[in-house]
There are 2 protein chains.
Amino acid sequence: MSPKAQIPGIAFRKHDHRRCQRQLLSEATQLCAERNLRLTSRRRQVLEILLASHQPMGAYDILAELNRTDPDEQIAPPIVYRALEFLLGEGLIHRIESLNAFISCAQPGHRCGAQFLICRDCDQVAEFEASDDGLLAEAGNLGFAVDHSVVEITGVCAECQKHVG
Amino acid sequence: MSPKAQIPGIAFRKHDHRRCQRQLLSEATQLCAERNLRLTSRRRQVLEILLASHQPMGAYDILAELNRTDPDEQIAPPIVYRALEFLLGEGLIHRIESLNAFISCAQPGHRCGAQFLICRDCDQVAEFEASDDGLLAEAGNLGFAVDHSVVEITGVCAECQKHVG
DNA sequence: CGACATAGTGTTATATTATAACGTAACGAT
DNA sequence: ATCGTTACGTTATAATATAACACTATGTCG
């Protein structure tokens with residue numbers, strides 16, 4: 001189902017994708033239960049679409065996917081944006097600002113800021129664990145109260161460097 | 001996004017703004033000369049508008065400003081976007097991804113990645129010097145060839161914390 | 001139960017941000 | 001002076017996002 005599963009890239013280090021997807025969905029379900037929140041079917045639908053690719057999708061891509069799988073009803077943008085808003089708020093997905101796109105979170109529940117590597121060759125995006133502690137500390141030293149940090153690094157992933165160079 | 005020069009904030013630590021503005025414009029002129037590039041009057045106009053506030057402005061705000069100061073001609077979006085593209089390319093301005101906005105660079109010529117603190121209270125944005133070396137190093141360790149990094153930290157600046165709390 | 005409050009969804013219209021495509025003008029080299 | 005290139009101008013439209021309001025489902029408390 002993921003459009004680019006065969007393309008070598010930074011994000012899909014071999015893993016059992018179906019399993020991973022199921023796992024994340026179940027974590028999301030549990031997390032919402034714990035927080036006493038409603039993972040409604042719309043919200044779940046949107047999350048599933050994002051989980052299916054692990055890759056960033058625009059809101060309108062998601063919309064198209066919804067309308068494709070369910071051609072009876074014609075969904076409009078606000079429905080998607082509202083689901084995204086919920087999922088973002090609960091840390092189940094992230095927004096990639098420099099792509100105007102959304103991606104499922106690799107570690108839902110860890111309410112930490114996320115960092116992303118964005119390959120401009122294969123368009124894949126990897127969430128990576130980097131300590132932005134230094135940055136946040138410096139912000140703190142300036143008396144700045146941090147809400148949210150966006151770290152998005154664009155470049156060429158290891159795989160793509162091989163294939164081009 | 002009108003300028004908010006009187007609002008206390010993170011960006012305008014007291015400085016002779018007129019002087020600073022003149023200085024940066026002159027640096028830009030010199031830098032283009034060195035690089036054998038044309039800082040045309042359109043490009044200069046756009047840069048001046050951004051320098052005038054030191055604050056992020058949307059492309060359409062800049063457009064409005066152009067059309068306000070020169071009501072004879074009615075400028076269209078592509079003109080602004082092309083000027084912005086040029087200025088971005090030369091590191092004379094930055095794009096704030098999470099605001100879809102543009103801001104003049106505090107240190108043109110230093111072709112380093114920029115980091116921003118964005119106050120969600122007073123809407124001011126400060127470019128700050130933080131070492132994102134750690135992040136970039138980690139990206140490098142993963143074999144990722146970095147082109148460009150976006151670091152945007154949202155929160156509440158020191159001034160606004162005083163006024164609210 | 002049933003009336004209410006609230007949260008979520010659906011729908012229409014529209015705002016905001018950005019670019020494609022194509023023609024004209026300015027500049028710079030030979 | 002002409003030619004190739006770069007920048008500008010113009011029109012139209014694409015892509016992204018939200019406002020506003022009506023309707024439906026869900027939980028809750030008498």
# chains A, B, ... in the order shown; residues from 1 in each chain; ligands from 1

$ calpha_fit_and_write --fixed "chain B" --moving "chain A" --output "short mmCIF file (atom, residue, chain, number, x, y, z; two decimals) with N, CA and C atoms, in the first residue's frame"
data_model
loop_
_atom_site.label_atom_id
_atom_site.label_comp_id
_atom_site.auth_asym_id
_atom_site.auth_seq_id
_atom_site.Cartn_x
_atom_site.Cartn_y
_atom_site.Cartn_z
N MET A 1 8.09 52.54 11.17
CA MET A 1 7.54 51.75 10.07
C MET A 1 7.25 50.33 10.51
N SER A 2 8.04 49.84 11.47
CA SER A 2 7.76 48.48 11.92
C SER A 2 6.49 48.49 12.75
N PRO A 3 5.58 47.63 12.41
CA PRO A 3 4.25 47.67 12.98
C PRO A 3 4.23 47.47 14.49
N LYS A 4 5.21 46.76 15.01
CA LYS A 4 5.09 46.37 16.41
C LYS A 4 6.27 46.86 17.24
N ALA A 5 6.80 48.00 16.86
CA ALA A 5 8.04 48.41 17.49
C ALA A 5 7.89 48.62 18.99
N GLN A 6 6.72 48.95 19.43
CA GLN A 6 6.55 49.25 20.86
C GLN A 6 6.28 48.00 21.71
N ILE A 7 5.86 46.96 21.04
CA ILE A 7 5.52 45.76 21.80
C ILE A 7 6.78 45.13 22.35
N PRO A 8 6.81 44.88 23.63
CA PRO A 8 7.99 44.25 24.20
C PRO A 8 8.15 42.87 23.60
N GLY A 9 9.36 42.49 23.31
CA GLY A 9 9.48 41.19 22.68
C GLY A 9 10.90 40.71 22.61
N ILE A 10 11.07 39.60 22.01
CA ILE A 10 12.37 38.97 22.00
C ILE A 10 13.29 39.54 20.94
N ALA A 11 12.71 40.17 19.96
CA ALA A 11 13.53 40.49 18.80
C ALA A 11 14.15 41.88 18.90
N PHE A 12 13.38 42.78 19.41
CA PHE A 12 13.86 44.16 19.45
C PHE A 12 14.50 44.52 20.76
N ARG A 13 15.56 43.84 21.10
CA ARG A 13 16.40 44.41 22.12
C ARG A 13 16.79 45.77 21.56
N LYS A 14 16.80 46.72 22.42
CA LYS A 14 17.01 48.09 21.95
C LYS A 14 18.14 48.15 20.93
N HIS A 15 17.82 48.69 19.79
CA HIS A 15 18.89 48.96 18.86
C HIS A 15 18.43 50.07 17.94
N ASP A 16 19.41 50.72 17.37
CA ASP A 16 19.09 51.80 16.45
C ASP A 16 18.63 51.16 15.15
N HIS A 17 17.34 51.09 15.03
CA HIS A 17 16.78 50.28 13.97
C HIS A 17 17.09 50.85 12.59
N ARG A 18 16.97 52.13 12.48
CA ARG A 18 17.22 52.76 11.19
C ARG A 18 18.65 52.47 10.72
N ARG A 19 19.54 52.58 11.69
CA ARG A 19 20.94 52.35 11.38
C ARG A 19 21.18 50.91 10.95
N CYS A 20 20.60 50.01 11.72
CA CYS A 20 20.74 48.58 11.50
C CYS A 20 20.24 48.21 10.11
N GLN A 21 19.13 48.82 9.77
CA GLN A 21 18.49 48.59 8.48
C GLN A 21 19.40 49.03 7.33
N ARG A 22 19.95 50.23 7.50
CA ARG A 22 20.83 50.78 6.49
C ARG A 22 22.06 49.88 6.33
N GLN A 23 22.56 49.48 7.47
CA GLN A 23 23.74 48.62 7.50
C GLN A 23 23.50 47.32 6.73
N LEU A 24 22.38 46.69 7.00
CA LEU A 24 22.10 45.40 6.37
C LEU A 24 21.90 45.56 4.87
N LEU A 25 21.26 46.66 4.49
CA LEU A 25 21.04 46.90 3.07
C LEU A 25 22.37 47.09 2.36
N SER A 26 23.26 47.80 3.04
CA SER A 26 24.55 48.05 2.41
C SER A 26 25.35 46.75 2.33
N GLU A 27 25.25 45.93 3.36
CA GLU A 27 25.93 44.64 3.30
C GLU A 27 25.39 43.81 2.14
N ALA A 28 24.09 43.86 1.95
CA ALA A 28 23.47 43.09 0.87
C ALA A 28 23.98 43.57 -0.48
N THR A 29 24.04 44.89 -0.61
CA THR A 29 24.51 45.46 -1.87
C THR A 29 25.92 44.99 -2.18
N GLN A 30 26.75 45.09 -1.16
CA GLN A 30 28.14 44.71 -1.34
C GLN A 30 28.27 43.23 -1.67
N LEU A 31 27.52 42.45 -0.95
CA LEU A 31 27.57 41.00 -1.13
C LEU A 31 27.16 40.62 -2.55
N CYS A 32 26.15 41.28 -3.08
CA CYS A 32 25.72 40.99 -4.45
C CYS A 32 26.79 41.42 -5.44
N ALA A 33 27.40 42.54 -5.16
CA ALA A 33 28.47 43.01 -6.04
C ALA A 33 29.59 41.97 -6.07
N GLU A 34 29.99 41.51 -4.90
CA GLU A 34 31.05 40.52 -4.83
C GLU A 34 30.71 39.26 -5.62
N ARG A 35 29.45 38.88 -5.52
CA ARG A 35 29.05 37.63 -6.17
C ARG A 35 28.64 37.86 -7.61
N ASN A 36 28.75 39.10 -8.02
CA ASN A 36 28.40 39.43 -9.39
C ASN A 36 26.93 39.15 -9.70
N LEU A 37 26.11 39.54 -8.77
CA LEU A 37 24.67 39.33 -8.91
C LEU A 37 23.96 40.66 -8.95
N ARG A 38 22.78 40.67 -9.52
CA ARG A 38 22.08 41.92 -9.67
C ARG A 38 21.02 42.10 -8.59
N LEU A 39 21.30 43.00 -7.69
CA LEU A 39 20.29 43.37 -6.70
C LEU A 39 19.42 44.44 -7.37
N THR A 40 18.50 43.97 -8.19
CA THR A 40 17.67 44.89 -8.97
C THR A 40 16.75 45.68 -8.05
N SER A 41 16.05 46.63 -8.63
CA SER A 41 15.25 47.49 -7.76
C SER A 41 14.08 46.72 -7.15
N ARG A 42 13.51 45.80 -7.90
CA ARG A 42 12.47 44.95 -7.31
C ARG A 42 12.99 44.17 -6.11
N ARG A 43 14.11 43.57 -6.32
CA ARG A 43 14.69 42.75 -5.26
C ARG A 43 15.03 43.62 -4.06
N ARG A 44 15.56 44.76 -4.35
CA ARG A 44 15.90 45.67 -3.26
C ARG A 44 14.64 46.13 -2.53
N GLN A 45 13.61 46.44 -3.30
CA GLN A 45 12.34 46.85 -2.70
C GLN A 45 11.85 45.81 -1.69
N VAL A 46 11.85 44.56 -2.14
CA VAL A 46 11.36 43.49 -1.27
C VAL A 46 12.24 43.35 -0.04
N LEU A 47 13.55 43.39 -0.27
CA LEU A 47 14.46 43.29 0.87
C LEU A 47 14.22 44.45 1.85
N GLU A 48 14.03 45.63 1.32
CA GLU A 48 13.81 46.79 2.19
C GLU A 48 12.54 46.63 3.02
N ILE A 49 11.53 46.11 2.40
CA ILE A 49 10.28 45.90 3.14
C ILE A 49 10.51 44.94 4.30
N LEU A 50 11.27 43.89 4.04
CA LEU A 50 11.54 42.93 5.11
C LEU A 50 12.47 43.52 6.16
N LEU A 51 13.43 44.31 5.72
CA LEU A 51 14.34 44.94 6.68
C LEU A 51 13.61 45.95 7.56
N ALA A 52 12.57 46.56 6.99
CA ALA A 52 11.88 47.61 7.73
C ALA A 52 11.24 47.10 9.01
N SER A 53 10.90 45.85 9.05
CA SER A 53 10.24 45.35 10.26
C SER A 53 11.09 44.36 11.05
N HIS A 54 12.07 43.75 10.39
CA HIS A 54 12.82 42.68 11.06
C HIS A 54 11.90 41.54 11.47
N GLN A 55 10.71 41.56 11.02
CA GLN A 55 9.77 40.54 11.47
C GLN A 55 9.23 39.75 10.30
N PRO A 56 8.71 38.57 10.57
CA PRO A 56 8.25 37.75 9.45
C PRO A 56 7.03 38.37 8.77
N MET A 57 7.04 38.29 7.45
CA MET A 57 5.89 38.76 6.68
C MET A 57 5.55 37.71 5.65
N GLY A 58 4.27 37.53 5.42
CA GLY A 58 3.84 36.64 4.36
C GLY A 58 4.10 37.28 3.02
N ALA A 59 4.19 36.45 1.99
CA ALA A 59 4.45 36.96 0.65
C ALA A 59 3.37 37.97 0.25
N TYR A 60 2.16 37.71 0.67
CA TYR A 60 1.07 38.60 0.28
C TYR A 60 1.06 39.89 1.09
N ASP A 61 1.64 39.86 2.26
CA ASP A 61 1.83 41.10 3.02
C ASP A 61 2.82 41.99 2.28
N ILE A 62 3.87 41.38 1.81
CA ILE A 62 4.89 42.12 1.07
C ILE A 62 4.27 42.69 -0.20
N LEU A 63 3.51 41.84 -0.86
CA LEU A 63 2.81 42.27 -2.06
C LEU A 63 1.94 43.48 -1.79
N ALA A 64 1.20 43.42 -0.71
CA ALA A 64 0.30 44.52 -0.35
C ALA A 64 1.10 45.79 -0.09
N GLU A 65 2.23 45.62 0.56
CA GLU A 65 3.08 46.77 0.86
C GLU A 65 3.60 47.39 -0.42
N LEU A 66 4.02 46.57 -1.36
CA LEU A 66 4.48 47.07 -2.65
C LEU A 66 3.36 47.85 -3.34
N ASN A 67 2.18 47.28 -3.32
CA ASN A 67 1.08 47.92 -4.02
C ASN A 67 0.58 49.17 -3.29
N ARG A 68 0.82 49.20 -1.99
CA ARG A 68 0.43 50.37 -1.22
C ARG A 68 1.34 51.55 -1.55
N THR A 69 2.64 51.29 -1.55
CA THR A 69 3.59 52.38 -1.75
C THR A 69 3.65 52.84 -3.20
N ASP A 70 3.10 52.02 -4.08
CA ASP A 70 3.20 52.36 -5.49
C ASP A 70 1.88 52.04 -6.18
N PRO A 71 0.87 52.84 -5.89
CA PRO A 71 -0.49 52.48 -6.28
C PRO A 71 -0.72 52.56 -7.79
N ASP A 72 0.27 53.10 -8.51
CA ASP A 72 0.12 53.19 -9.96
C ASP A 72 0.10 51.81 -10.59
N GLU A 73 1.14 51.07 -10.26
CA GLU A 73 1.23 49.73 -10.84
C GLU A 73 0.62 48.71 -9.87
N GLN A 74 -0.01 47.70 -10.43
CA GLN A 74 -0.53 46.64 -9.59
C GLN A 74 0.30 45.38 -9.79
N ILE A 75 1.09 45.10 -8.77
CA ILE A 75 2.01 43.97 -8.82
C ILE A 75 1.27 42.67 -8.57
N ALA A 76 1.72 41.60 -9.20
CA ALA A 76 1.11 40.28 -9.00
C ALA A 76 2.06 39.36 -8.23
N PRO A 77 1.51 38.31 -7.63
CA PRO A 77 2.30 37.43 -6.76
C PRO A 77 3.63 36.95 -7.32
N PRO A 78 3.69 36.49 -8.56
CA PRO A 78 4.97 35.91 -9.01
C PRO A 78 6.15 36.85 -8.85
N ILE A 79 5.90 38.12 -8.99
CA ILE A 79 6.99 39.08 -8.87
C ILE A 79 7.59 39.02 -7.48
N VAL A 80 6.73 38.98 -6.48
CA VAL A 80 7.21 38.89 -5.12
C VAL A 80 7.92 37.56 -4.87
N TYR A 81 7.30 36.49 -5.32
CA TYR A 81 7.90 35.19 -5.07
C TYR A 81 9.27 35.06 -5.73
N ARG A 82 9.41 35.68 -6.89
CA ARG A 82 10.71 35.58 -7.55
C ARG A 82 11.77 36.38 -6.81
N ALA A 83 11.40 37.54 -6.34
CA ALA A 83 12.36 38.31 -5.56
C ALA A 83 12.74 37.53 -4.29
N LEU A 84 11.74 36.96 -3.64
CA LEU A 84 12.00 36.18 -2.43
C LEU A 84 12.94 35.02 -2.73
N GLU A 85 12.70 34.37 -3.85
CA GLU A 85 13.53 33.23 -4.22
C GLU A 85 15.00 33.65 -4.36
N PHE A 86 15.20 34.76 -5.01
CA PHE A 86 16.56 35.27 -5.16
C PHE A 86 17.19 35.56 -3.79
N LEU A 87 16.46 36.28 -2.97
CA LEU A 87 17.00 36.69 -1.67
C LEU A 87 17.26 35.48 -0.78
N LEU A 88 16.39 34.50 -0.85
CA LEU A 88 16.60 33.27 -0.10
C LEU A 88 17.87 32.58 -0.58
N GLY A 89 17.99 32.50 -1.88
CA GLY A 89 19.14 31.81 -2.46
C GLY A 89 20.46 32.43 -2.05
N GLU A 90 20.46 33.73 -1.85
CA GLU A 90 21.70 34.40 -1.47
C GLU A 90 21.84 34.55 0.04
N GLY A 91 20.91 34.00 0.77
CA GLY A 91 21.01 34.04 2.23
C GLY A 91 20.75 35.42 2.81
N LEU A 92 20.03 36.25 2.05
CA LEU A 92 19.74 37.59 2.57
C LEU A 92 18.46 37.59 3.40
N ILE A 93 17.65 36.61 3.17
CA ILE A 93 16.45 36.43 3.99
C ILE A 93 16.30 34.95 4.31
N HIS A 94 15.40 34.67 5.25
CA HIS A 94 15.08 33.29 5.58
C HIS A 94 13.58 33.06 5.42
N ARG A 95 13.25 31.82 5.25
CA ARG A 95 11.84 31.45 5.26
C ARG A 95 11.53 30.79 6.60
N ILE A 96 10.48 31.25 7.24
CA ILE A 96 10.04 30.58 8.47
C ILE A 96 8.96 29.59 8.06
N GLU A 97 9.33 28.33 8.05
CA GLU A 97 8.43 27.31 7.50
C GLU A 97 7.14 27.22 8.28
N SER A 98 7.24 27.33 9.59
CA SER A 98 6.03 27.09 10.37
C SER A 98 5.09 28.29 10.35
N LEU A 99 5.50 29.37 9.70
CA LEU A 99 4.63 30.52 9.57
C LEU A 99 4.30 30.85 8.12
N ASN A 100 4.86 30.10 7.20
CA ASN A 100 4.77 30.46 5.79
C ASN A 100 5.09 31.94 5.62
N ALA A 101 6.22 32.32 6.16
CA ALA A 101 6.58 33.73 6.14
C ALA A 101 8.07 33.88 5.90
N PHE A 102 8.46 35.13 5.66
CA PHE A 102 9.84 35.43 5.32
C PHE A 102 10.35 36.52 6.25
N ILE A 103 11.64 36.45 6.54
CA ILE A 103 12.22 37.42 7.47
C ILE A 103 13.63 37.75 7.00
N SER A 104 14.04 38.97 7.20
CA SER A 104 15.39 39.33 6.78
C SER A 104 16.41 38.63 7.66
N CYS A 105 17.52 38.32 7.07
CA CYS A 105 18.57 37.62 7.80
C CYS A 105 19.36 38.60 8.64
N ALA A 106 19.67 38.19 9.85
CA ALA A 106 20.40 39.06 10.76
C ALA A 106 21.89 39.11 10.41
N GLN A 107 22.34 38.10 9.75
CA GLN A 107 23.77 38.01 9.45
C GLN A 107 24.01 37.54 8.04
N PRO A 108 23.65 38.38 7.09
CA PRO A 108 23.82 37.96 5.70
C PRO A 108 25.28 37.67 5.42
N GLY A 109 25.51 36.72 4.58
CA GLY A 109 26.89 36.38 4.27
C GLY A 109 27.32 35.15 5.03
N HIS A 110 27.00 35.11 6.32
CA HIS A 110 27.25 33.89 7.07
C HIS A 110 26.29 32.85 6.52
N ARG A 111 26.78 32.01 5.69
CA ARG A 111 25.88 31.07 5.05
C ARG A 111 25.58 29.88 5.97
N CYS A 112 25.27 30.19 7.18
CA CYS A 112 24.99 29.11 8.11
C CYS A 112 23.50 28.92 8.22
N GLY A 113 23.10 27.77 8.68
CA GLY A 113 21.69 27.55 8.94
C GLY A 113 21.27 28.49 10.04
N ALA A 114 20.03 28.88 10.02
CA ALA A 114 19.56 29.80 11.03
C ALA A 114 18.61 29.09 11.98
N GLN A 115 18.56 29.59 13.18
CA GLN A 115 17.61 29.06 14.16
C GLN A 115 16.71 30.19 14.61
N PHE A 116 15.46 29.85 14.87
CA PHE A 116 14.51 30.89 15.22
C PHE A 116 13.73 30.57 16.48
N LEU A 117 13.50 31.62 17.26
CA LEU A 117 12.59 31.54 18.39
C LEU A 117 11.34 32.32 18.00
N ILE A 118 10.21 31.68 18.11
CA ILE A 118 8.96 32.28 17.68
C ILE A 118 8.03 32.43 18.87
N CYS A 119 7.73 33.66 19.23
CA CYS A 119 6.84 33.86 20.38
C CYS A 119 5.39 33.83 19.90
N ARG A 120 4.60 32.96 20.48
CA ARG A 120 3.22 32.83 20.02
C ARG A 120 2.32 33.88 20.68
N ASP A 121 2.90 34.64 21.56
CA ASP A 121 2.14 35.69 22.22
C ASP A 121 2.25 37.01 21.45
N CYS A 122 3.48 37.47 21.26
CA CYS A 122 3.67 38.76 20.59
C CYS A 122 4.01 38.58 19.12
N ASP A 123 4.11 37.34 18.68
CA ASP A 123 4.36 37.03 17.27
C ASP A 123 5.72 37.49 16.78
N GLN A 124 6.58 37.88 17.69
CA GLN A 124 7.89 38.28 17.22
C GLN A 124 8.78 37.06 17.06
N VAL A 125 9.74 37.21 16.19
CA VAL A 125 10.65 36.12 15.90
C VAL A 125 12.07 36.61 16.04
N ALA A 126 12.87 35.85 16.74
CA ALA A 126 14.28 36.18 16.88
C ALA A 126 15.14 35.12 16.22
N GLU A 127 16.09 35.56 15.46
CA GLU A 127 17.07 34.65 14.92
C GLU A 127 18.11 34.49 16.02
N PHE A 128 18.41 33.28 16.37
CA PHE A 128 19.39 33.15 17.44
C PHE A 128 20.49 32.18 17.07
N GLU A 129 21.62 32.41 17.66
CA GLU A 129 22.80 31.63 17.41
C GLU A 129 22.82 30.45 18.35
N ALA A 130 22.44 29.33 17.85
CA ALA A 130 22.56 28.16 18.69
C ALA A 130 23.34 27.14 17.89
N SER A 131 24.12 26.35 18.57
CA SER A 131 24.85 25.35 17.81
C SER A 131 23.92 24.18 17.57
N ASP A 132 23.61 24.00 16.32
CA ASP A 132 22.90 22.78 15.97
C ASP A 132 23.94 21.75 15.49
N ASP A 133 25.17 21.97 15.89
CA ASP A 133 26.24 21.06 15.50
C ASP A 133 25.90 19.63 15.88
N GLY A 134 25.39 19.49 17.08
CA GLY A 134 25.03 18.16 17.55
C GLY A 134 24.09 17.46 16.58
N LEU A 135 23.06 18.18 16.22
CA LEU A 135 22.07 17.62 15.29
C LEU A 135 22.73 17.25 13.96
N LEU A 136 23.48 18.20 13.43
CA LEU A 136 24.07 17.97 12.12
C LEU A 136 25.05 16.82 12.17
N ALA A 137 25.77 16.73 13.29
CA ALA A 137 26.72 15.63 13.44
C ALA A 137 25.98 14.30 13.43
N GLU A 138 24.87 14.26 14.15
CA GLU A 138 24.12 13.00 14.19
C GLU A 138 23.59 12.62 12.81
N ALA A 139 23.15 13.64 12.08
CA ALA A 139 22.70 13.38 10.71
C ALA A 139 23.87 12.82 9.90
N GLY A 140 25.02 13.45 10.05
CA GLY A 140 26.21 12.99 9.35
C GLY A 140 26.55 11.55 9.69
N ASN A 141 26.45 11.20 10.95
CA ASN A 141 26.74 9.83 11.38
C ASN A 141 25.85 8.81 10.68
N LEU A 142 24.66 9.25 10.33
CA LEU A 142 23.74 8.35 9.63
C LEU A 142 24.02 8.34 8.13
N GLY A 143 25.07 9.03 7.74
CA GLY A 143 25.42 9.05 6.32
C GLY A 143 24.61 10.03 5.51
N PHE A 144 23.94 10.92 6.22
CA PHE A 144 23.06 11.86 5.54
C PHE A 144 23.84 13.11 5.17
N ALA A 145 23.75 13.53 3.91
CA ALA A 145 24.46 14.73 3.46
C ALA A 145 23.54 15.93 3.58
N VAL A 146 23.83 16.77 4.54
CA VAL A 146 22.92 17.86 4.87
C VAL A 146 23.04 19.02 3.88
N ASP A 147 21.89 19.46 3.40
CA ASP A 147 21.81 20.65 2.56
C ASP A 147 21.46 21.87 3.38
N HIS A 148 20.45 21.67 4.18
CA HIS A 148 19.78 22.81 4.79
C HIS A 148 19.06 22.32 6.04
N SER A 149 19.15 23.12 7.09
CA SER A 149 18.42 22.70 8.28
C SER A 149 17.46 23.78 8.75
N VAL A 150 16.32 23.33 9.17
CA VAL A 150 15.28 24.21 9.67
C VAL A 150 15.13 23.98 11.16
N VAL A 151 15.36 25.03 11.94
CA VAL A 151 15.14 24.92 13.39
C VAL A 151 14.25 26.07 13.82
N GLU A 152 13.06 25.73 14.25
CA GLU A 152 12.10 26.76 14.64
C GLU A 152 11.47 26.36 15.95
N ILE A 153 11.73 27.16 16.96
CA ILE A 153 11.25 26.84 18.30
C ILE A 153 10.14 27.81 18.68
N THR A 154 8.99 27.25 18.95
CA THR A 154 7.84 28.06 19.30
C THR A 154 7.64 28.06 20.81
N GLY A 155 7.20 29.19 21.33
CA GLY A 155 6.96 29.26 22.77
C GLY A 155 6.59 30.67 23.16
N VAL A 156 6.96 31.03 24.38
CA VAL A 156 6.66 32.37 24.86
C VAL A 156 7.96 33.04 25.28
N CYS A 157 8.17 34.23 24.77
CA CYS A 157 9.44 34.91 25.04
C CYS A 157 9.44 35.47 26.46
N ALA A 158 10.60 35.85 26.91
CA ALA A 158 10.78 36.30 28.29
C ALA A 158 9.85 37.47 28.62
N GLU A 159 9.81 38.44 27.75
CA GLU A 159 8.95 39.61 27.98
C GLU A 159 7.49 39.20 28.17
N CYS A 160 7.01 38.38 27.26
CA CYS A 160 5.60 38.01 27.32
C CYS A 160 5.28 37.17 28.55
N GLN A 161 6.24 36.43 29.03
CA GLN A 161 6.00 35.67 30.25
C GLN A 161 5.74 36.61 31.41
N LYS A 162 6.51 37.70 31.48
CA LYS A 162 6.28 38.69 32.53
C LYS A 162 4.86 39.22 32.47
N HIS A 163 4.45 39.61 31.29
CA HIS A 163 3.19 40.32 31.14
C HIS A 163 1.97 39.42 31.35
N VAL A 164 2.13 38.16 31.04
CA VAL A 164 1.00 37.25 31.21
C VAL A 164 0.99 36.67 32.61
N GLY A 165 2.15 36.13 33.02
CA GLY A 165 2.22 35.46 34.32
C GLY A 165 2.36 36.51 35.36
#

$ select_by_dssp --residues "chain A" --states "strand (DSSP E)" --output "number ranges by chain"
A: 93-96, 101-104, 115-119, 125-128, 145-156

$ interface_residues --of "chain C" --to "chain B" --cutoff "12 Å" --atoms "only C-alpha atoms (C1' of nucleotides)" --output "PyMOL selection string"
chain C and resi 16-21+26-27

$ write_last_selection --atoms "N, CA, C and O atoms (P, O5', C5', C4', C3', O3' and C1' of nucleotides)" --output "JSON list (two decimals), in the first residue's frame"
[["chain", "number", "residue", "atom", "x", "y", "z"],
["C", 16, "DT", "P", -7.45, 36.08, 4.30],
["C", 16, "DT", "O5'", -6.31, 35.05, 3.94],
["C", 16, "DT", "C5'", -6.10, 33.93, 4.77],
["C", 16, "DT", "C4'", -5.02, 33.07, 4.15],
["C", 16, "DT", "C3'", -3.78, 33.83, 3.67],
["C", 16, "DT", "O3'", -2.70, 33.25, 4.38],
["C", 16, "DT", "C1'", -4.50, 32.27, 2.06],
["C", 17, "DT", "P", -1.20, 33.83, 4.24],
["C", 17, "DT", "O5'", -0.60, 32.86, 3.14],
["C", 17, "DT", "C5'", -0.44, 31.49, 3.45],
["C", 17, "DT", "C4'", 0.06, 30.77, 2.23],
["C", 17, "DT", "C3'", 1.31, 31.36, 1.57],
["C", 17, "DT", "O3'", 2.30, 30.35, 1.59],
["C", 17, "DT", "C1'", -0.32, 30.82, -0.04],
["C", 18, "DA", "P", 3.75, 30.56, 0.89],
["C", 18, "DA", "O5'", 3.47, 30.11, -0.60],
["C", 18, "DA", "C5'", 3.08, 28.76, -0.85],
["C", 18, "DA", "C4'", 2.96, 28.55, -2.34],
["C", 18, "DA", "C3'", 4.18, 28.99, -3.16],
["C", 18, "DA", "O3'", 4.76, 27.82, -3.68],
["C", 18, "DA", "C1'", 2.13, 29.61, -4.22],
["C", 19, "DT", "P", 6.05, 27.88, -4.65],
["C", 19, "DT", "O5'", 5.37, 27.77, -6.08],
["C", 19, "DT", "C5'", 4.37, 26.77, -6.28],
["C", 19, "DT", "C4'", 3.88, 26.81, -7.71],
["C", 19, "DT", "C3'", 4.95, 27.00, -8.79],
["C", 19, "DT", "O3'", 4.71, 26.00, -9.76],
["C", 19, "DT", "C1'", 3.18, 28.50, -9.13],
["C", 20, "DA", "P", 5.75, 25.69, -10.93],
["C", 20, "DA", "O5'", 4.79, 25.46, -12.19],
["C", 20, "DA", "C5'", 3.38, 25.32, -11.97],
["C", 20, "DA", "C4'", 2.66, 25.47, -13.29],
["C", 20, "DA", "C3'", 3.55, 25.43, -14.52],
["C", 20, "DA", "O3'", 2.76, 24.94, -15.59],
["C", 20, "DA", "C1'", 2.61, 27.59, -14.32],
["C", 21, "DA", "P", 3.44, 24.52, -17.01],
["C", 21, "DA", "O5'", 2.98, 25.68, -18.01],
["C", 21, "DA", "C5'", 1.72, 26.31, -17.80],
["C", 21, "DA", "C4'", 1.62, 27.53, -18.70],
["C", 21, "DA", "C3'", 2.64, 27.54, -19.85],
["C", 21, "DA", "O3'", 1.98, 28.05, -20.98],
["C", 21, "DA", "C1'", 2.85, 29.52, -18.59],
["C", 26, "DA", "P", 12.91, 48.33, -20.73],
["C", 26, "DA", "O5'", 14.20, 47.69, -20.07],
["C", 26, "DA", "C5'", 14.11, 47.10, -18.77],
["C", 26, "DA", "C4'", 15.41, 46.36, -18.51],
["C", 26, "DA", "C3'", 16.66, 47.16, -18.88],
["C", 26, "DA", "O3'", 17.51, 47.09, -17.75],
["C", 26, "DA", "C1'", 16.72, 45.02, -19.88],
["C", 27, "DC", "P", 18.88, 47.91, -17.72],
["C", 27, "DC", "O5'", 19.91, 46.75, -18.02],
["C", 27, "DC", "C5'", 19.92, 45.59, -17.19],
["C", 27, "DC", "C4'", 20.93, 44.63, -17.78],
["C", 27, "DC", "C3'", 22.22, 45.32, -18.21],
["C", 27, "DC", "O3'", 23.23, 45.03, -17.25],
["C", 27, "DC", "C1'", 21.40, 43.72, -19.84]]

$ select_by_dssp --residues "chain B" --states "alpha helix (DSSP H)" --output "count of residues only"
71

$ closest_atom_pairs --of "chain D" --to "chain A" --cutoff "12 Å" --atoms "only C-alpha atoms (C1' of nucleotides)" --output "tab-separated table"
residue	atom	partner	partner_atom	distance
D:DA15	C1'	A:Tyr60	CA	8.6
D:DT16	C1'	A:Asn100	CA	7.8
D:DA17	C1'	A:Tyr81	CA	8.2
D:DT18	C1'	A:Pro78	CA	7.8
D:DA19	C1'	A:Pro78	CA	10.3
D:DA20	C1'	A:Pro78	CA	11.8
D:DA25	C1'	A:Thr40	CA	11.0
D:DT26	C1'	A:Arg38	CA	10.3
D:DG27	C1'	A:Arg38	CA	11.9
